[in-house]
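Trainee: Dumping the structure here so I can ask a few things about it.
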Amino acid sequence: MDFSSLSVREKIDLIKERLPLGSAEPIVMKFNPFELPIMNLSITGDRLPSELLRLSRKFIKDELEKVPGVASCNITGGLEREILVSIDQGRLRASSIAINKIVDALKSTNLNYPAGTVEEHFYEYLIRTLGEFEVVPEISQTVVGKEEEPKVPLTQEPEGKKKEKEERLVYLKDVAQIKDTLQERTSISRFNGKENISISVLKQAGANTIQVAQAVKKRLKEIEPDLPSGIKLNIVYDQSIFIKKAISDVRDAAWQGGLLAFLVLFLFLKRFKPALIVATSIPISIMIAFTLMYFSGITVNMLSLGGLALGVGMLVDAGIVVIENISNHLQKKEDLIEAARIGASEVSSPIWGSVLTTIVVFLPMIFVVGIAGQIFKELALTITYSLMASLFVSLSLIPILVTMGRRRKKSSEVAYMTEESEFKLVRWMKNIYGRLLGPSLKIKGALLSVVLILFILSLTIFFVLDKEFMPKIDQREFICKVNLPTGTRIDITDSVVKRIEKTLFAIPDVQSVAVNIGSTKERATGQVIETLGSHQAQIMVNLTKGKKKTRISTADVIQGLKNKFETMDLEGAQI
């Protein structure tokens with residue numbers, strides 16, 4: 001994307017001179033149109049809508065756009081102040097002044113301009129002429145042209161003498177009226193039915209959502225003390241909360257899997273030390289995997305942590321084989337170090353084969369192209385790193401840990417597992433396996449036929465199963481987009497949205513409803529990226545986070561709304 005954006009800038013530079021007069025400078029910025037705002041803010045206060053919009057832009061929007069990782073902040077709602085110059089055509093025609101001269105006069109008058117420097121003995125001062133309008137009455141004093149008129153009445157001029165005329169300055173107040181008013185409303189924002197100012201924070205492409213959200217929250221804490229009294233700032237939506245929760249759930253699954261792996265090891269080995277030694281390979285392998293992830297540029301996310309959680313159960317496989325073979329040698333020899341060396345070296349080749357056969361299943365996923373490749377690449381690399389780390393730990397660290405302690409032990413003491421020390425469950429499983437193994441080997445053909453039939457049946461079930469791109473996750477929130485016919489006035493769109501809001505508030509599980517209709521028209525670059533027309537609206541609905549047994553699922557809420565909207569007259573709106 002970096003090279004693509006550079007190429008686009010080079011192409012635009014070639015045609016800048018051919019752009020129409022008055023065109024703004026073209027801007028090229030990286031942005032993912034499929035990403036939702038990472039955060040939505042609601043600003044309320046006991047101020048006029050125009051004043052609240054000005055304060056929100058000055059104290060919040062402009063400051064947040066300086067935060068690293070923030071692409072832009074889109075502001076919705078409020079009323080924009082406008083100074084309207086209403087020209088009287090009759091007076092303009094009588095003064096013989098072109099209307100473009102009035103426009104040029106306003107542009108050239110309302111500016112600050114450098115006027116050189118003043119040098120003293122030790123200092124040099126920059127001089128700047130201040131010409132910007134400070135109050136509305138100053139605008140009416142703008143000189144827009146000159147008008148010639150006779151110096152004396154014509155009846156008093158002597159005959160044969162050339163008529164003398166003098167120039168009179170024409171001010172803007174002579175040909176126009178200046179009104180301090182408000183722009184036509186182009187956007188409406190509400191939160192839980194009350195008018196507010198809404199700010200949507202969009203992150204840059206490639207920026208980390210959690211880091212950007214944390215930086216924005218930190219900046220908001222610094223801004224709040226400087227806000228004028230009566231201005232309240234609330235975070236309506238925060239995408240990082242769901243991401244943190246998802247990562248936390250995967251992390252909990254990983255450590256719970258590691259704990260269960262240790263308990264299963266202790267169940268079968270019946271000794272605490274060997275079970276602890278094998279379980280030690282789990283955190284060490286994960287730390288090595290994190291190191292490799294760091295140098296590969298892989299972040300800690302749901303997929304990478306999912307790969308670690310998936311690999312946790314396989315991390316102990318190689319360690320179990322090594323420690324079991326060492327245990328067998330300890331029953332024959334008294335030298336603990338020699339038993340560890342021979343036991344580990346004997347099973348090194350089978351362990352390599354076992355781990356590599358698992359890796360070759362996941363590693364080719366990194367070569368998959370498209371969205372699927374981008375999603376599962378980190379998963380495949382994380383599993384590969386963790387398994388290679390477990391292979392290294394099982395053949396190097398586990399033999400060392402086994403030899404720690406007494407150097408010589410009697411064979412009866414060093415045996416990790418004997419027939420008498422086994423749990424009843426383990427002995428029962430071994431007996432069942434031993435009884436079934438013999439008869440199964442005698443009917444190999446029939447057994448393989450049954451396995452083949454089951455495999456074919458599993459393939460037929462595959463075609464019946466529902467298929468989707470990503471698993472459904474109930475985030476307890478959803479977005480409702482409303483599209484009316486193009487050209488619909490914003491007040492008509494607002495009336496339709498109010499009916500939708502009323503339907504939403506009637507649902508018990510709805511916690512909050514944030515509405516954005518249209519877009520505030522301004523010159524900021526963020527408005528170039530994503531805008532809503534007067535016929536479009538976006539409704540963000542948050543559901544309660546109560547107990548799963550008593551709450552309605554998000555899918556059921558959405559389906560109920562669809563059925564309800566089909567029976568309502570919504571002026572042909574598409575939802």
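Every chain in the structure tokens takes a letter, A first, then B, and so on in the order presented; its residues are numbered from 1, and the ligands are numbered from 1 following the presented order.
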Write out as CSV a residue-level contact list of range 130-239 of chain A versus range 479-494 of chain A with cut-off 10 Å: for each qualifying residue the closest pair of atoms and the distance in Å to one decimal, counting only C-alpha atoms, rows sorted by chain and residue number upward.
Mentor:
residue,atom,partner,partner_atom,distance
A:Arg185,CA,A:Ile490,CA,8.1
A:Thr186,CA,A:Ile490,CA,7.1
A:Ser187,CA,A:Ile490,CA,7.6
A:Ile188,CA,A:Asp494,CA,7.8
A:Ser189,CA,A:Asp494,CA,9.8
Trainee: How would the residues just chosen look if you wrote them out with N, CA and C atoms as a PDB file, in the first residue's frame?
Mentor:
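Contents of out_2.pdb, freshly written:
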ATOM      1  N   ARG A 185     -29.211  23.295   7.568  1.00  0.00           N
ATOM      2  CA  ARG A 185     -28.800  22.067   8.264  1.00  0.00           C
ATOM      3  C   ARG A 185     -28.553  20.941   7.278  1.00  0.00           C
ATOM      4  N   THR A 186     -27.370  20.312   7.378  1.00  0.00           N
ATOM      5  CA  THR A 186     -27.015  19.184   6.511  1.00  0.00           C
ATOM      6  C   THR A 186     -26.819  17.894   7.291  1.00  0.00           C
ATOM      7  N   SER A 187     -26.854  17.966   8.628  1.00  0.00           N
ATOM      8  CA  SER A 187     -26.667  16.751   9.426  1.00  0.00           C
ATOM      9  C   SER A 187     -27.431  16.881  10.732  1.00  0.00           C
ATOM     10  N   ILE A 188     -27.854  15.745  11.252  1.00  0.00           N
ATOM     11  CA  ILE A 188     -28.561  15.663  12.528  1.00  0.00           C
ATOM     12  C   ILE A 188     -27.952  14.523  13.334  1.00  0.00           C
ATOM     13  N   SER A 189     -27.722  14.769  14.607  1.00  0.00           N
ATOM     14  CA  SER A 189     -27.163  13.733  15.480  1.00  0.00           C
ATOM     15  C   SER A 189     -27.964  13.693  16.773  1.00  0.00           C
TER      16      SER A 189
END
Trainee: Range 174-418 of chain A: which residues are strand (DSSP E) by DSSP, as a ChimeraX atom specification?
Mentor: /A:176-182,187-191,194-195,197-203,231-238
Trainee: Residues as selected, N, CA, C and O atoms, written as an mmCIF file, in the first residue's frame, can you do that?
Mentor:
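Okay, part-v6.cif is ready:
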data_model
loop_
_atom_site.group_PDB
_atom_site.id
_atom_site.type_symbol
_atom_site.label_atom_id
_atom_site.label_comp_id
_atom_site.auth_asym_id
_atom_site.auth_seq_id
_atom_site.Cartn_x
_atom_site.Cartn_y
_atom_site.Cartn_z
ATOM 1 N N ALA A 176 -25.299 46.034 -0.218
ATOM 2 C CA ALA A 176 -25.674 44.720 0.312
ATOM 3 C C ALA A 176 -26.050 44.827 1.774
ATOM 4 O O ALA A 176 -25.728 45.805 2.464
ATOM 5 N N GLN A 177 -26.729 43.796 2.258
ATOM 6 C CA GLN A 177 -27.048 43.646 3.671
ATOM 7 C C GLN A 177 -26.251 42.476 4.242
ATOM 8 O O GLN A 177 -26.154 41.420 3.608
ATOM 9 N N ILE A 178 -25.667 42.641 5.428
ATOM 10 C CA ILE A 178 -24.872 41.595 6.062
ATOM 11 C C ILE A 178 -25.699 41.016 7.207
ATOM 12 O O ILE A 178 -26.154 41.749 8.104
ATOM 13 N N LYS A 179 -25.880 39.709 7.158
ATOM 14 C CA LYS A 179 -26.698 39.011 8.156
ATOM 15 C C LYS A 179 -25.858 37.948 8.855
ATOM 16 O O LYS A 179 -25.158 37.176 8.206
ATOM 17 N N ASP A 180 -25.932 37.934 10.173
ATOM 18 C CA ASP A 180 -25.276 36.886 10.978
ATOM 19 C C ASP A 180 -26.314 35.790 11.209
ATOM 20 O O ASP A 180 -27.192 35.904 12.067
ATOM 21 N N THR A 181 -26.202 34.706 10.444
ATOM 22 C CA THR A 181 -27.239 33.674 10.469
ATOM 23 C C THR A 181 -26.603 32.292 10.562
ATOM 24 O O THR A 181 -25.421 32.172 10.889
ATOM 25 N N LEU A 182 -27.376 31.268 10.280
ATOM 26 C CA LEU A 182 -26.916 29.884 10.353
ATOM 27 C C LEU A 182 -27.065 29.214 8.992
ATOM 28 O O LEU A 182 -27.986 29.524 8.236
ATOM 29 N N SER A 187 -26.854 17.966 8.628
ATOM 30 C CA SER A 187 -26.667 16.751 9.426
ATOM 31 C C SER A 187 -27.431 16.881 10.732
ATOM 32 O O SER A 187 -27.640 17.985 11.247
ATOM 33 N N ILE A 188 -27.854 15.745 11.252
ATOM 34 C CA ILE A 188 -28.561 15.663 12.528
ATOM 35 C C ILE A 188 -27.952 14.523 13.334
ATOM 36 O O ILE A 188 -27.683 13.446 12.790
ATOM 37 N N SER A 189 -27.722 14.769 14.607
ATOM 38 C CA SER A 189 -27.163 13.733 15.480
ATOM 39 C C SER A 189 -27.964 13.693 16.773
ATOM 40 O O SER A 189 -28.318 14.746 17.333
ATOM 41 N N ARG A 190 -28.252 12.484 17.225
ATOM 42 C CA ARG A 190 -28.975 12.288 18.480
ATOM 43 C C ARG A 190 -28.372 11.116 19.237
ATOM 44 O O ARG A 190 -27.857 10.173 18.639
ATOM 45 N N PHE A 191 -28.481 11.184 20.552
ATOM 46 C CA PHE A 191 -28.089 10.059 21.406
ATOM 47 C C PHE A 191 -29.191 9.840 22.426
ATOM 48 O O PHE A 191 -29.500 10.727 23.223
ATOM 49 N N LYS A 194 -31.905 12.558 22.272
ATOM 50 C CA LYS A 194 -31.571 13.953 22.560
ATOM 51 C C LYS A 194 -30.531 14.451 21.558
ATOM 52 O O LYS A 194 -29.595 13.729 21.211
ATOM 53 N N GLU A 195 -30.693 15.716 21.125
ATOM 54 C CA GLU A 195 -29.767 16.317 20.171
ATOM 55 C C GLU A 195 -28.366 16.414 20.795
ATOM 56 O O GLU A 195 -28.218 16.749 21.978
ATOM 57 N N ILE A 197 -23.771 16.544 19.573
ATOM 58 C CA ILE A 197 -22.719 16.584 18.553
ATOM 59 C C ILE A 197 -22.009 15.233 18.598
ATOM 60 O O ILE A 197 -21.566 14.795 19.665
ATOM 61 N N SER A 198 -21.916 14.572 17.462
ATOM 62 C CA SER A 198 -21.285 13.250 17.385
ATOM 63 C C SER A 198 -19.970 13.360 16.631
ATOM 64 O O SER A 198 -19.892 14.007 15.581
ATOM 65 N N ILE A 199 -18.935 12.735 17.178
ATOM 66 C CA ILE A 199 -17.613 12.710 16.542
ATOM 67 C C ILE A 199 -17.200 11.254 16.361
ATOM 68 O O ILE A 199 -17.127 10.498 17.336
ATOM 69 N N SER A 200 -16.956 10.857 15.119
ATOM 70 C CA SER A 200 -16.505 9.503 14.799
ATOM 71 C C SER A 200 -15.007 9.533 14.551
ATOM 72 O O SER A 200 -14.536 10.300 13.706
ATOM 73 N N VAL A 201 -14.270 8.699 15.277
ATOM 74 C CA VAL A 201 -12.814 8.654 15.162
ATOM 75 C C VAL A 201 -12.430 7.496 14.247
ATOM 76 O O VAL A 201 -12.761 6.339 14.532
ATOM 77 N N LEU A 202 -11.751 7.798 13.159
ATOM 78 C CA LEU A 202 -11.284 6.791 12.206
ATOM 79 C C LEU A 202 -9.781 6.651 12.333
ATOM 80 O O LEU A 202 -9.058 7.651 12.387
ATOM 81 N N LYS A 203 -9.308 5.411 12.374
ATOM 82 C CA LYS A 203 -7.869 5.183 12.494
ATOM 83 C C LYS A 203 -7.242 5.031 11.118
ATOM 84 O O LYS A 203 -7.909 4.739 10.132
ATOM 85 N N ILE A 231 -20.181 21.502 29.319
ATOM 86 C CA ILE A 231 -19.957 20.605 28.183
ATOM 87 C C ILE A 231 -19.651 19.210 28.714
ATOM 88 O O ILE A 231 -18.728 19.036 29.517
ATOM 89 N N LYS A 232 -20.441 18.213 28.294
ATOM 90 C CA LYS A 232 -20.257 16.836 28.729
ATOM 91 C C LYS A 232 -19.814 15.978 27.557
ATOM 92 O O LYS A 232 -20.351 16.097 26.455
ATOM 93 N N LEU A 233 -18.843 15.125 27.814
ATOM 94 C CA LEU A 233 -18.271 14.259 26.776
ATOM 95 C C LEU A 233 -18.440 12.805 27.193
ATOM 96 O O LEU A 233 -18.023 12.410 28.286
ATOM 97 N N ASN A 234 -19.076 12.004 26.340
ATOM 98 C CA ASN A 234 -19.306 10.585 26.611
ATOM 99 C C ASN A 234 -18.825 9.751 25.435
ATOM 100 O O ASN A 234 -18.942 10.167 24.275
ATOM 101 N N ILE A 235 -18.264 8.574 25.745
ATOM 102 C CA ILE A 235 -17.862 7.616 24.715
ATOM 103 C C ILE A 235 -19.041 6.684 24.463
ATOM 104 O O ILE A 235 -19.409 5.888 25.329
ATOM 105 N N VAL A 236 -19.637 6.796 23.284
ATOM 106 C CA VAL A 236 -20.806 5.995 22.941
ATOM 107 C C VAL A 236 -20.402 4.603 22.482
ATOM 108 O O VAL A 236 -21.048 3.602 22.809
ATOM 109 N N TYR A 237 -19.337 4.518 21.714
ATOM 110 C CA TYR A 237 -18.910 3.239 21.131
ATOM 111 C C TYR A 237 -17.392 3.178 21.166
ATOM 112 O O TYR A 237 -16.703 4.151 20.850
ATOM 113 N N ASP A 238 -16.864 2.035 21.583
ATOM 114 C CA ASP A 238 -15.412 1.832 21.649
ATOM 115 C C ASP A 238 -15.107 0.428 21.134
ATOM 116 O O ASP A 238 -15.412 -0.565 21.792
#
Trainee: So how many Å separate CA of Asp174 in chain A and CA of Asn112 in chain A, to one decimal?
Mentor: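 Between CA of Asp174 in chain A and CA of Asn112 in chain A the gap works out to 25.1 Å.
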Trainee: Just how far from CA of Ile359 in chain A is CA of Thr384 in chain A, in Å to one decimal?
Mentor: 5.7 Å
Trainee: Hey, could you make a per-residue contact list for range 463-502 of chain A against range 241-251 of chain A with 12 Å as the cut-off, showing the nearest pair of atoms and its distance in Å to one decimal, counting only C-alpha atoms, sorted by chain and number, as a tab-separated table?
Mentor:
residue	atom	partner	partner_atom	distance
A:Ile473	CA	A:Ala246	CA	9.9
A:Asp474	CA	A:Phe242	CA	10.2
A:Gln475	CA	A:Phe242	CA	7.1
A:Arg476	CA	A:Phe242	CA	9.8
A:Glu477	CA	A:Phe242	CA	10.3
Trainee: Which residues are close to Ile97 in chain A, i.e. within 8 Å by only C-alpha atoms, leaving aside same-chain residues fewer than 5 positions away? Reply as a short mmCIF file (atom, residue, chain, number, x, y, z; two decimals) with all heavy atoms, in the first residue's frame.
Mentor:
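What landed in around_39.cif:
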data_model
loop_
_atom_site.label_atom_id
_atom_site.label_comp_id
_atom_site.auth_asym_id
_atom_site.auth_seq_id
_atom_site.Cartn_x
_atom_site.Cartn_y
_atom_site.Cartn_z
N LEU A 92 -26.42 47.57 -6.89
CA LEU A 92 -25.19 47.11 -7.54
C LEU A 92 -25.13 47.61 -8.97
O LEU A 92 -24.07 48.07 -9.45
CB LEU A 92 -25.13 45.58 -7.49
CG LEU A 92 -23.83 44.94 -7.99
CD1 LEU A 92 -22.69 45.27 -7.03
CD2 LEU A 92 -23.98 43.42 -8.09
N ILE A 102 -16.77 42.44 -5.76
CA ILE A 102 -17.16 42.35 -4.35
C ILE A 102 -16.53 41.11 -3.71
O ILE A 102 -16.03 41.15 -2.58
CB ILE A 102 -18.70 42.32 -4.24
CG1 ILE A 102 -19.29 43.63 -4.75
CG2 ILE A 102 -19.13 42.05 -2.80
CD1 ILE A 102 -20.80 43.70 -4.70
N VAL A 144 -15.69 48.27 -1.81
CA VAL A 144 -15.86 47.35 -2.92
C VAL A 144 -15.67 48.04 -4.28
O VAL A 144 -15.67 47.38 -5.32
CB VAL A 144 -17.25 46.69 -2.87
CG1 VAL A 144 -17.38 45.83 -1.64
CG2 VAL A 144 -18.36 47.75 -2.92
N GLY A 145 -15.54 49.35 -4.31
CA GLY A 145 -15.33 50.04 -5.58
C GLY A 145 -15.40 51.54 -5.41
O GLY A 145 -15.46 52.07 -4.29
#
Trainee: As an exercise, work out the distance from CA of Ile351 in chain A to CA of Leu381 in chain A in Å and give it to one decimal place.
Mentor: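 Value for the CA of Ile351 in chain A-CA of Leu381 in chain A distance: 19.7 Å.
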Trainee: Looking only at alpha helix (DSSP H) from DSSP on the backbone, list the matching residues of range 132-298 of chain A as a PyMOL selection string.
Mentor: chain A and resi 137-140+172-175+209-223+239-269+272-296
Trainee: With only C-alpha atoms as the basis for distance, which of A:Val497, A:Ala514, A:Val557, A:Met540 is at the shortest distance from Asp569 in chain A?
Mentor: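 The answer is A:Val497, which sits nearest to Asp569 in chain A.
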Trainee: Skipping near chain neighbours, those fewer than 3 positions away, what residues fall within 12 Å of Leu6 in chain A using only C-alpha atoms, listed as an MDAnalysis selection string?
Mentor: chainID A and resid 1:3 9:13 27:30
Trainee: Could you list, as a PyMOL selection string, every residue within 10 Å of Leu52 in chain A, counting only C-alpha atoms and ignoring same-chain residues fewer than 6 positions away?
Mentor: chain A and resi 43-46+58+77-80+196-197+231
Trainee: Of the residues A:Ala380, A:Leu391, A:Ile342, A:Leu259, which is the one nearest to Met314 in chain A, using only C-alpha atoms?
Mentor: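 Using only C-alpha atoms, the shortest distance to Met314 in chain A belongs to A:Leu391.
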